[in-house]
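Asks: I am sharing input-v5.cif, which consists of mmCIF, C-alpha atoms:
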```
data_target
#
loop_
_atom_site.label_atom_id
_atom_site.label_comp_id
_atom_site.auth_asym_id
_atom_site.auth_seq_id
_atom_site.Cartn_x
_atom_site.Cartn_y
_atom_site.Cartn_z
CA MET A 19 0.00 0.00 0.00
CA SER A 20 1.46 3.33 -1.10
CA PRO A 21 1.59 6.24 1.36
CA LEU A 22 -1.22 8.75 1.22
CA PRO A 23 -0.23 11.91 -0.72
CA ILE A 24 -0.70 14.17 2.30
CA SER A 25 2.14 16.47 1.31
CA GLY A 26 0.39 17.08 -1.99
CA VAL A 27 -2.42 18.94 -0.24
CA GLY A 28 -0.13 21.80 0.72
CA ALA A 29 0.93 22.28 -2.88
CA SER A 30 -2.65 22.65 -4.04
CA PRO A 31 -3.16 25.88 -5.92
CA TRP A 32 -6.33 26.58 -3.92
CA ALA A 33 -4.68 26.36 -0.55
CA THR A 34 -4.08 29.58 1.32
CA PRO A 35 -0.61 29.74 2.83
CA VAL A 36 -0.89 30.44 6.54
CA GLY A 37 1.20 33.42 7.44
CA GLY A 38 2.64 33.42 3.94
CA THR A 39 3.96 36.49 2.18
CA GLN A 40 1.37 36.16 -0.55
CA ALA A 41 -1.87 38.07 -0.05
CA PRO A 42 -5.03 35.98 0.09
CA ARG A 43 -6.91 35.62 -3.17
CA SER A 44 -9.96 37.45 -1.91
CA THR A 45 -8.15 40.81 -1.90
CA GLY A 46 -7.28 40.53 -5.56
CA GLN A 47 -4.01 39.56 -7.18
CA GLY A 48 -3.02 42.95 -8.57
CA GLY A 49 -2.20 44.15 -5.06
CA ARG A 50 -5.31 46.36 -4.91
CA SER A 51 -8.29 45.27 -2.91
CA PHE A 52 -11.89 45.98 -3.74
CA ALA A 53 -11.96 48.46 -0.88
CA ASP A 54 -9.10 50.41 -2.51
CA THR A 55 -10.91 50.51 -5.82
CA LEU A 56 -14.05 51.71 -4.07
CA GLN A 57 -12.07 54.32 -2.18
CA GLN A 58 -10.56 55.61 -5.42
CA ALA A 59 -13.96 55.75 -7.12
CA MET A 60 -15.35 57.72 -4.18
CA GLU A 61 -12.46 60.16 -4.40
CA GLY A 62 -13.29 60.64 -8.09
CA VAL A 63 -16.90 61.41 -7.16
CA ASP A 64 -15.70 63.81 -4.50
CA GLN A 65 -13.48 65.56 -7.04
CA SER A 66 -16.30 66.05 -9.51
CA GLN A 67 -18.48 67.41 -6.68
CA HIS A 68 -15.77 69.90 -5.79
CA ARG A 69 -15.34 70.88 -9.43
CA ALA A 70 -19.05 71.57 -9.72
CA ASP A 71 -18.93 73.52 -6.47
CA ASP A 72 -16.03 75.67 -7.67
CA LYS A 73 -17.72 76.37 -11.00
CA LEU A 74 -20.92 77.37 -9.25
CA ALA A 75 -19.03 79.68 -6.88
CA GLU A 76 -17.19 81.28 -9.80
CA LEU A 77 -20.41 81.80 -11.69
CA ALA A 78 -22.13 83.30 -8.65
CA ALA A 79 -19.18 85.63 -8.09
CA GLY A 80 -19.31 86.71 -11.73
CA GLN A 81 -15.78 85.50 -12.42
CA THR A 82 -16.73 83.30 -15.36
CA PRO A 83 -19.29 83.69 -18.13
CA ASP A 84 -19.28 79.89 -18.53
CA LEU A 85 -22.96 79.15 -17.90
CA HIS A 86 -23.07 75.89 -19.80
CA GLY A 87 -19.73 74.72 -18.36
CA THR A 88 -21.20 75.10 -14.89
CA MET A 89 -24.33 73.21 -15.82
CA ILE A 90 -22.29 70.43 -17.42
CA ALA A 91 -20.05 70.17 -14.33
CA LEU A 92 -23.20 69.88 -12.21
CA GLN A 93 -24.55 67.15 -14.49
CA GLU A 94 -21.24 65.31 -14.33
CA ALA A 95 -21.26 65.48 -10.55
CA ASP A 96 -24.83 64.20 -10.53
CA ILE A 97 -24.04 61.25 -12.83
CA THR A 98 -20.92 60.19 -10.92
CA LEU A 99 -22.72 60.47 -7.59
CA ARG A 100 -25.60 58.36 -8.83
CA THR A 101 -23.16 55.77 -10.21
CA MET A 102 -21.51 55.56 -6.81
CA VAL A 103 -24.85 55.20 -5.06
CA SER A 104 -25.81 52.38 -7.46
CA VAL A 105 -22.55 50.56 -6.78
CA ARG A 106 -23.05 51.00 -3.03
CA ASP A 107 -26.59 49.63 -3.30
CA LYS A 108 -25.27 46.58 -5.12
CA VAL A 109 -22.52 46.01 -2.56
CA VAL A 110 -24.89 46.36 0.40
CA ASP A 111 -27.33 44.06 -1.35
CA ALA A 112 -24.65 41.40 -1.83
CA TYR A 113 -23.57 41.77 1.80
CA GLN A 114 -27.11 41.35 3.06
CA GLN A 115 -27.62 38.29 0.92
CA LEU A 116 -24.51 36.75 2.44
CA MET A 117 -25.57 37.67 5.98
CA ASN A 118 -29.01 36.15 5.48
CA MET A 119 -27.49 32.88 4.26
CA GLN A 120 -28.64 29.84 6.26
CA ILE A 121 -25.78 27.89 7.82
CA MET B 19 -12.76 57.82 -23.60
CA ASN B 20 -15.96 57.45 -21.67
CA LEU B 21 -19.48 58.77 -21.73
CA LEU B 22 -18.51 61.90 -19.81
CA ASP B 23 -15.88 62.84 -22.44
CA THR B 24 -18.79 63.43 -24.79
CA LEU B 25 -19.78 66.24 -22.45
CA GLN B 26 -16.34 67.80 -22.95
CA ILE B 27 -16.80 67.92 -26.73
CA SER B 28 -20.27 69.42 -26.40
CA ALA B 29 -19.03 71.96 -23.86
CA SER B 30 -16.39 73.13 -26.35
CA GLY B 31 -19.08 73.36 -29.03
CA LEU B 32 -21.21 75.49 -26.72
CA THR B 33 -18.27 77.73 -25.85
CA SER B 34 -17.35 78.31 -29.49
CA GLN B 35 -20.94 79.17 -30.33
CA ARG B 36 -20.97 81.64 -27.45
CA VAL B 37 -17.92 83.36 -28.93
CA ARG B 38 -19.65 83.42 -32.31
CA LEU B 39 -22.68 85.02 -30.66
CA GLN B 40 -20.41 87.70 -29.21
CA THR B 41 -18.97 88.55 -32.62
CA ILE B 42 -22.49 88.78 -34.06
CA ALA B 43 -23.54 91.04 -31.18
CA SER B 44 -20.49 93.21 -31.84
CA ASN B 45 -21.21 93.34 -35.59
CA MET B 46 -24.85 94.23 -35.10
CA ALA B 47 -24.19 96.84 -32.45
CA ASN B 48 -21.52 98.48 -34.61
CA ALA B 49 -23.41 98.39 -37.91
CA ARG B 50 -23.29 102.20 -38.10
CA THR B 51 -20.00 102.85 -36.30
CA THR B 52 -17.78 105.20 -38.27
CA ARG B 53 -14.92 105.65 -35.80
CA THR B 54 -12.53 103.05 -34.37
CA GLU B 55 -9.23 103.17 -32.51
CA GLU B 56 -7.38 102.05 -35.65
CA GLY B 57 -9.17 104.74 -37.64
CA GLY B 58 -11.85 104.29 -40.30
CA PRO B 59 -15.19 102.56 -39.88
CA TYR B 60 -15.76 99.39 -37.84
CA ARG B 61 -14.84 96.17 -39.65
CA ARG B 62 -17.02 93.08 -39.45
CA LYS B 63 -15.55 90.44 -37.10
CA LEU B 64 -15.51 86.75 -38.01
CA PRO B 65 -14.51 83.91 -35.64
CA VAL B 66 -12.26 81.12 -36.95
CA PHE B 67 -12.89 77.67 -35.50
CA GLU B 68 -10.23 75.00 -35.25
CA ALA B 69 -10.72 71.31 -34.46
CA ARG B 70 -8.36 69.99 -31.82
CA PRO B 71 -7.99 66.33 -30.81
CA LEU B 72 -9.87 65.71 -27.57
CA ASP B 73 -7.06 63.68 -26.02
CA PRO B 74 -3.85 63.87 -28.09
CA PHE B 75 -2.00 61.41 -25.84
CA GLY B 76 -4.91 59.08 -25.22
CA ASP B 77 -6.30 56.09 -27.07
CA ALA B 78 -7.16 56.03 -30.78
CA LEU B 79 -10.73 57.19 -30.20
CA GLY B 80 -9.61 60.08 -28.01
CA GLN B 81 -7.17 61.16 -30.72
CA ALA B 82 -9.76 60.86 -33.49
CA MET B 83 -12.46 62.88 -31.71
CA ALA B 84 -12.06 66.63 -31.99
CA GLU B 85 -13.37 69.57 -30.04
CA PRO B 86 -13.74 73.02 -31.60
CA THR B 87 -11.93 76.08 -30.32
CA VAL B 88 -11.94 79.65 -31.55
CA THR B 89 -8.31 80.31 -32.49
CA GLU B 90 -8.66 83.82 -33.86
CA ILE B 91 -11.09 86.55 -34.77
CA THR B 92 -10.52 87.85 -38.28
CA GLU B 93 -11.87 90.99 -39.88
CA ASP B 94 -13.90 91.06 -43.04
CA ASP B 95 -11.91 93.00 -45.65
CA ALA B 96 -14.95 94.06 -47.66
CA PRO B 97 -14.71 97.76 -48.61
CA PRO B 98 -16.85 100.12 -46.50
CA VAL B 99 -20.16 101.36 -47.83
CA ARG B 100 -19.94 105.03 -48.90
CA VAL B 101 -23.01 107.14 -48.22
CA PHE B 102 -23.37 110.78 -49.24
CA ASP B 103 -23.94 112.78 -46.06
CA PRO B 104 -21.96 116.06 -46.06
CA GLY B 105 -23.31 117.11 -42.64
CA HIS B 106 -21.71 114.13 -40.90
CA PRO B 107 -18.51 114.97 -38.94
CA ASP B 108 -16.73 111.93 -40.45
CA ALA B 109 -17.58 112.87 -44.03
CA ASP B 110 -14.59 113.07 -46.37
CA ALA B 111 -13.78 115.98 -48.73
CA ASP B 112 -16.42 114.80 -51.23
CA GLY B 113 -19.10 114.60 -48.53
CA TYR B 114 -19.17 110.80 -48.36
CA VAL B 115 -19.24 108.90 -45.05
CA SER B 116 -17.78 105.35 -44.88
CA TYR B 117 -20.06 102.97 -43.02
CA PRO B 118 -19.14 99.35 -42.11
CA ALA B 119 -20.08 96.76 -44.75
CA ILE B 120 -22.47 94.98 -42.40
CA ASN B 121 -25.69 93.51 -43.68
CA LEU B 122 -28.14 93.18 -40.79
CA MET B 123 -30.06 90.42 -42.57
CA GLU B 124 -26.89 88.40 -42.98
CA GLU B 125 -26.12 88.85 -39.28
CA MET B 126 -29.65 87.73 -38.37
CA VAL B 127 -29.18 84.53 -40.38
CA ASP B 128 -25.85 83.95 -38.60
CA LEU B 129 -27.60 84.59 -35.31
CA MET B 130 -30.24 81.96 -36.07
CA SER B 131 -27.58 79.50 -37.14
CA THR B 132 -25.65 80.12 -33.91
CA SER B 133 -28.77 79.68 -31.83
CA ARG B 134 -29.65 76.40 -33.56
CA THR B 135 -26.10 75.05 -33.28
CA PHE B 136 -26.07 75.90 -29.58
CA GLU B 137 -29.41 74.15 -29.19
CA ALA B 138 -28.10 71.08 -31.02
CA ASN B 139 -25.11 70.90 -28.69
CA THR B 140 -27.31 71.18 -25.59
CA LYS B 141 -29.39 68.37 -27.07
CA VAL B 142 -26.25 66.20 -27.21
CA VAL B 143 -25.54 67.02 -23.55
CA GLU B 144 -29.10 66.12 -22.63
CA THR B 145 -28.94 62.84 -24.56
CA THR B 146 -25.60 61.96 -22.92
CA ARG B 147 -27.18 62.51 -19.52
CA GLN B 148 -30.20 60.41 -20.46
CA MET B 149 -28.01 57.58 -21.69
CA ALA B 150 -26.00 57.63 -18.47
CA SER B 151 -29.24 57.56 -16.45
CA GLU B 152 -30.58 54.67 -18.48
CA ALA B 153 -27.30 52.77 -18.03
CA LEU B 154 -27.64 53.26 -14.28
CA ASN B 155 -31.14 51.82 -14.40
CA ILE B 156 -29.91 48.49 -15.79
CA GLY B 157 -30.90 45.71 -13.41
CA ARG B 158 -32.68 47.99 -10.98
#
```
Hey, can you dump this file as C-alpha cells for me?

Replies:
Amino acid sequence: MSPLPISGVGASPWATPVGGTQAPRSTGQGGRSFADTLQQAMEGVDQSQHRADDKLAELAAGQTPDLHGTMIALQEADITLRTMVSVRDKVVDAYQQLMNMQI
Amino acid sequence: MNLLDTLQISASGLTSQRVRLQTIASNMANARTTRTEEGGPYRRKLPVFEARPLDPFGDALGQAMAEPTVTEITEDDAPPVRVFDPGHPDADADGYVSYPAINLMEEMVDLMSTSRTFEANTKVVETTRQMASEALNIGR
C-alpha cells in the first residue's frame, strides 16, 4: 500500500498559505483590494463634486461667463454620484444576501 | 474615452458658439459705427474655428475625436459702404461717409444658425445625460 499523498495537499493551488507572504486571493491579485478601488472611485466622485462647487461659486461671483460649463459640471457630478450610489446599493445588497445565508 | 468625455466635446461646441454670438452682437451693435481706434469705420468680425484632438496622448478614439476652439477673430476685408452725407462729422472731402459693410439680414441669419447650433449641442448634452441615467437603471 502506497503512502497517502498528504504532502500534496499543501501544494494545491487553492490552498491559502498560513502566514505566507502572498496576499489571500480574496483581496485581488493585482495588489489592490476591492476596498481600494471603491475608495478611489469615491475620491473621483468627491473631485467632480468639488469641481461643480467651484464652477458654481465662480459663476455666482461673476468670475466666469461659462454658464453651460457650470451646468455640465453639475450634471457630471450628478451622474458620478448616482453611479456611486448604485454601486453602493449593489454592494450592500450582496452583503445582506450573504448575511441572510442559512448555515 | 468614456461617456462623460462626450460632455467635454459638447461643452467646447457650446463655448465656441458663445464666442460666435459675441462677434455677431459686436457686428450688429456696430453696424453704423464710423470711428474706431485704428481709424476708419468698424470692420465686421468673423470667428475662426479650429478642431483639436480631444485627447492627443490618449487612445485612438480620443485622438480621433475633436473639439472646436476659436483660435482667432478675423476681420472682413470688404470695402466700407460710402453714403453721401456732407453734414456728418466723419464725411470726407467729397461729402461721403464710410459705413461698415455689415448687412443686418446676414447677421440675423448667422444669429439663427448660432442659436440652432447651440441648441443642437445642448441636445447632445441632454442625450448623454439620459443615456447615463438609463445605463444606471440596468438591473434595478

Asks: Can you work out which residues from chain A touch chain B at a cut-off of 9 Å (counting all atoms listed in the file) and hand them back as a count of residues only?

Replies: 10

Asks: Just how far from CA of Gly31 in chain B is CA of Leu85 in chain A, in Å to one decimal?

Replies: 13.1 Å

Asks: So the first atom is CA of Met126 in chain B and the second is CA of Lys63 in chain B; what is the distance between them in Å, to one decimal place?

Replies: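 Atom-to-atom, CA of Met126 in chain B to CA of Lys63 in chain B, that is 14.4 Å.
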
Asks: Would you mind listing what lies within 7 Å of range 128-132 of chain B as a PyMOL selection string, with all atoms listed in the file counted and same-chain residues fewer than 6 positions away left out?

Replies: chain B and resi 35+39+42

Asks: Please, could you write that set of residues out with C-alpha atoms as an mmCIF file, keeping the file's coordinate frame?

Replies:
```cif
data_model
loop_
_atom_site.group_PDB
_atom_site.id
_atom_site.type_symbol
_atom_site.label_atom_id
_atom_site.label_comp_id
_atom_site.auth_asym_id
_atom_site.auth_seq_id
_atom_site.Cartn_x
_atom_site.Cartn_y
_atom_site.Cartn_z
ATOM 1 C CA GLN B 35 -20.940 79.170 -30.330
ATOM 2 C CA LEU B 39 -22.680 85.020 -30.660
ATOM 3 C CA ILE B 42 -22.490 88.780 -34.060
#
```

Asks: Choose the residue, out of A:Ala59, A:Leu77, A:Thr98, A:Gln115, that has the smallest atom-to-atom separation from Leu21 in chain B; count all atoms listed in the file.

Replies: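 Of A:Ala59, A:Leu77, A:Thr98, A:Gln115, the one nearest Leu21 in chain B is A:Thr98, counting all atoms listed in the file.
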
Asks: What does range 65-112 of chain B look like written to a file with C-alpha atoms, as a PDB file, in the first residue's frame?

Replies:
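For reference, decode.pdb as written:
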```pdb
ATOM      1  CA  PRO B  65     -14.514  83.912 -35.645  1.00  0.00           C
ATOM      2  CA  VAL B  66     -12.263  81.122 -36.954  1.00  0.00           C
ATOM      3  CA  PHE B  67     -12.889  77.667 -35.503  1.00  0.00           C
ATOM      4  CA  GLU B  68     -10.233  75.002 -35.252  1.00  0.00           C
ATOM      5  CA  ALA B  69     -10.722  71.309 -34.464  1.00  0.00           C
ATOM      6  CA  ARG B  70      -8.357  69.994 -31.818  1.00  0.00           C
ATOM      7  CA  PRO B  71      -7.993  66.331 -30.809  1.00  0.00           C
ATOM      8  CA  LEU B  72      -9.870  65.711 -27.575  1.00  0.00           C
ATOM      9  CA  ASP B  73      -7.064  63.680 -26.019  1.00  0.00           C
ATOM     10  CA  PRO B  74      -3.845  63.873 -28.086  1.00  0.00           C
ATOM     11  CA  PHE B  75      -1.996  61.414 -25.837  1.00  0.00           C
ATOM     12  CA  GLY B  76      -4.908  59.075 -25.216  1.00  0.00           C
ATOM     13  CA  ASP B  77      -6.296  56.094 -27.068  1.00  0.00           C
ATOM     14  CA  ALA B  78      -7.157  56.028 -30.776  1.00  0.00           C
ATOM     15  CA  LEU B  79     -10.726  57.186 -30.201  1.00  0.00           C
ATOM     16  CA  GLY B  80      -9.611  60.078 -28.014  1.00  0.00           C
ATOM     17  CA  GLN B  81      -7.174  61.157 -30.724  1.00  0.00           C
ATOM     18  CA  ALA B  82      -9.758  60.860 -33.485  1.00  0.00           C
ATOM     19  CA  MET B  83     -12.463  62.880 -31.714  1.00  0.00           C
ATOM     20  CA  ALA B  84     -12.056  66.628 -31.994  1.00  0.00           C
ATOM     21  CA  GLU B  85     -13.366  69.571 -30.042  1.00  0.00           C
ATOM     22  CA  PRO B  86     -13.739  73.023 -31.598  1.00  0.00           C
ATOM     23  CA  THR B  87     -11.932  76.084 -30.322  1.00  0.00           C
ATOM     24  CA  VAL B  88     -11.936  79.654 -31.554  1.00  0.00           C
ATOM     25  CA  THR B  89      -8.310  80.315 -32.489  1.00  0.00           C
ATOM     26  CA  GLU B  90      -8.656  83.815 -33.856  1.00  0.00           C
ATOM     27  CA  ILE B  91     -11.089  86.554 -34.771  1.00  0.00           C
ATOM     28  CA  THR B  92     -10.516  87.854 -38.279  1.00  0.00           C
ATOM     29  CA  GLU B  93     -11.866  90.988 -39.881  1.00  0.00           C
ATOM     30  CA  ASP B  94     -13.904  91.056 -43.042  1.00  0.00           C
ATOM     31  CA  ASP B  95     -11.910  92.996 -45.650  1.00  0.00           C
ATOM     32  CA  ALA B  96     -14.955  94.063 -47.664  1.00  0.00           C
ATOM     33  CA  PRO B  97     -14.708  97.759 -48.609  1.00  0.00           C
ATOM     34  CA  PRO B  98     -16.851 100.119 -46.496  1.00  0.00           C
ATOM     35  CA  VAL B  99     -20.158 101.364 -47.832  1.00  0.00           C
ATOM     36  CA  ARG B 100     -19.944 105.028 -48.895  1.00  0.00           C
ATOM     37  CA  VAL B 101     -23.012 107.142 -48.221  1.00  0.00           C
ATOM     38  CA  PHE B 102     -23.369 110.784 -49.242  1.00  0.00           C
ATOM     39  CA  ASP B 103     -23.939 112.780 -46.058  1.00  0.00           C
ATOM     40  CA  PRO B 104     -21.963 116.062 -46.061  1.00  0.00           C
ATOM     41  CA  GLY B 105     -23.314 117.108 -42.639  1.00  0.00           C
ATOM     42  CA  HIS B 106     -21.709 114.129 -40.899  1.00  0.00           C
ATOM     43  CA  PRO B 107     -18.509 114.974 -38.936  1.00  0.00           C
ATOM     44  CA  ASP B 108     -16.731 111.928 -40.446  1.00  0.00           C
ATOM     45  CA  ALA B 109     -17.580 112.869 -44.032  1.00  0.00           C
ATOM     46  CA  ASP B 110     -14.588 113.070 -46.372  1.00  0.00           C
ATOM     47  CA  ALA B 111     -13.783 115.981 -48.728  1.00  0.00           C
ATOM     48  CA  ASP B 112     -16.420 114.802 -51.228  1.00  0.00           C
TER      49      ASP B 112
END
```
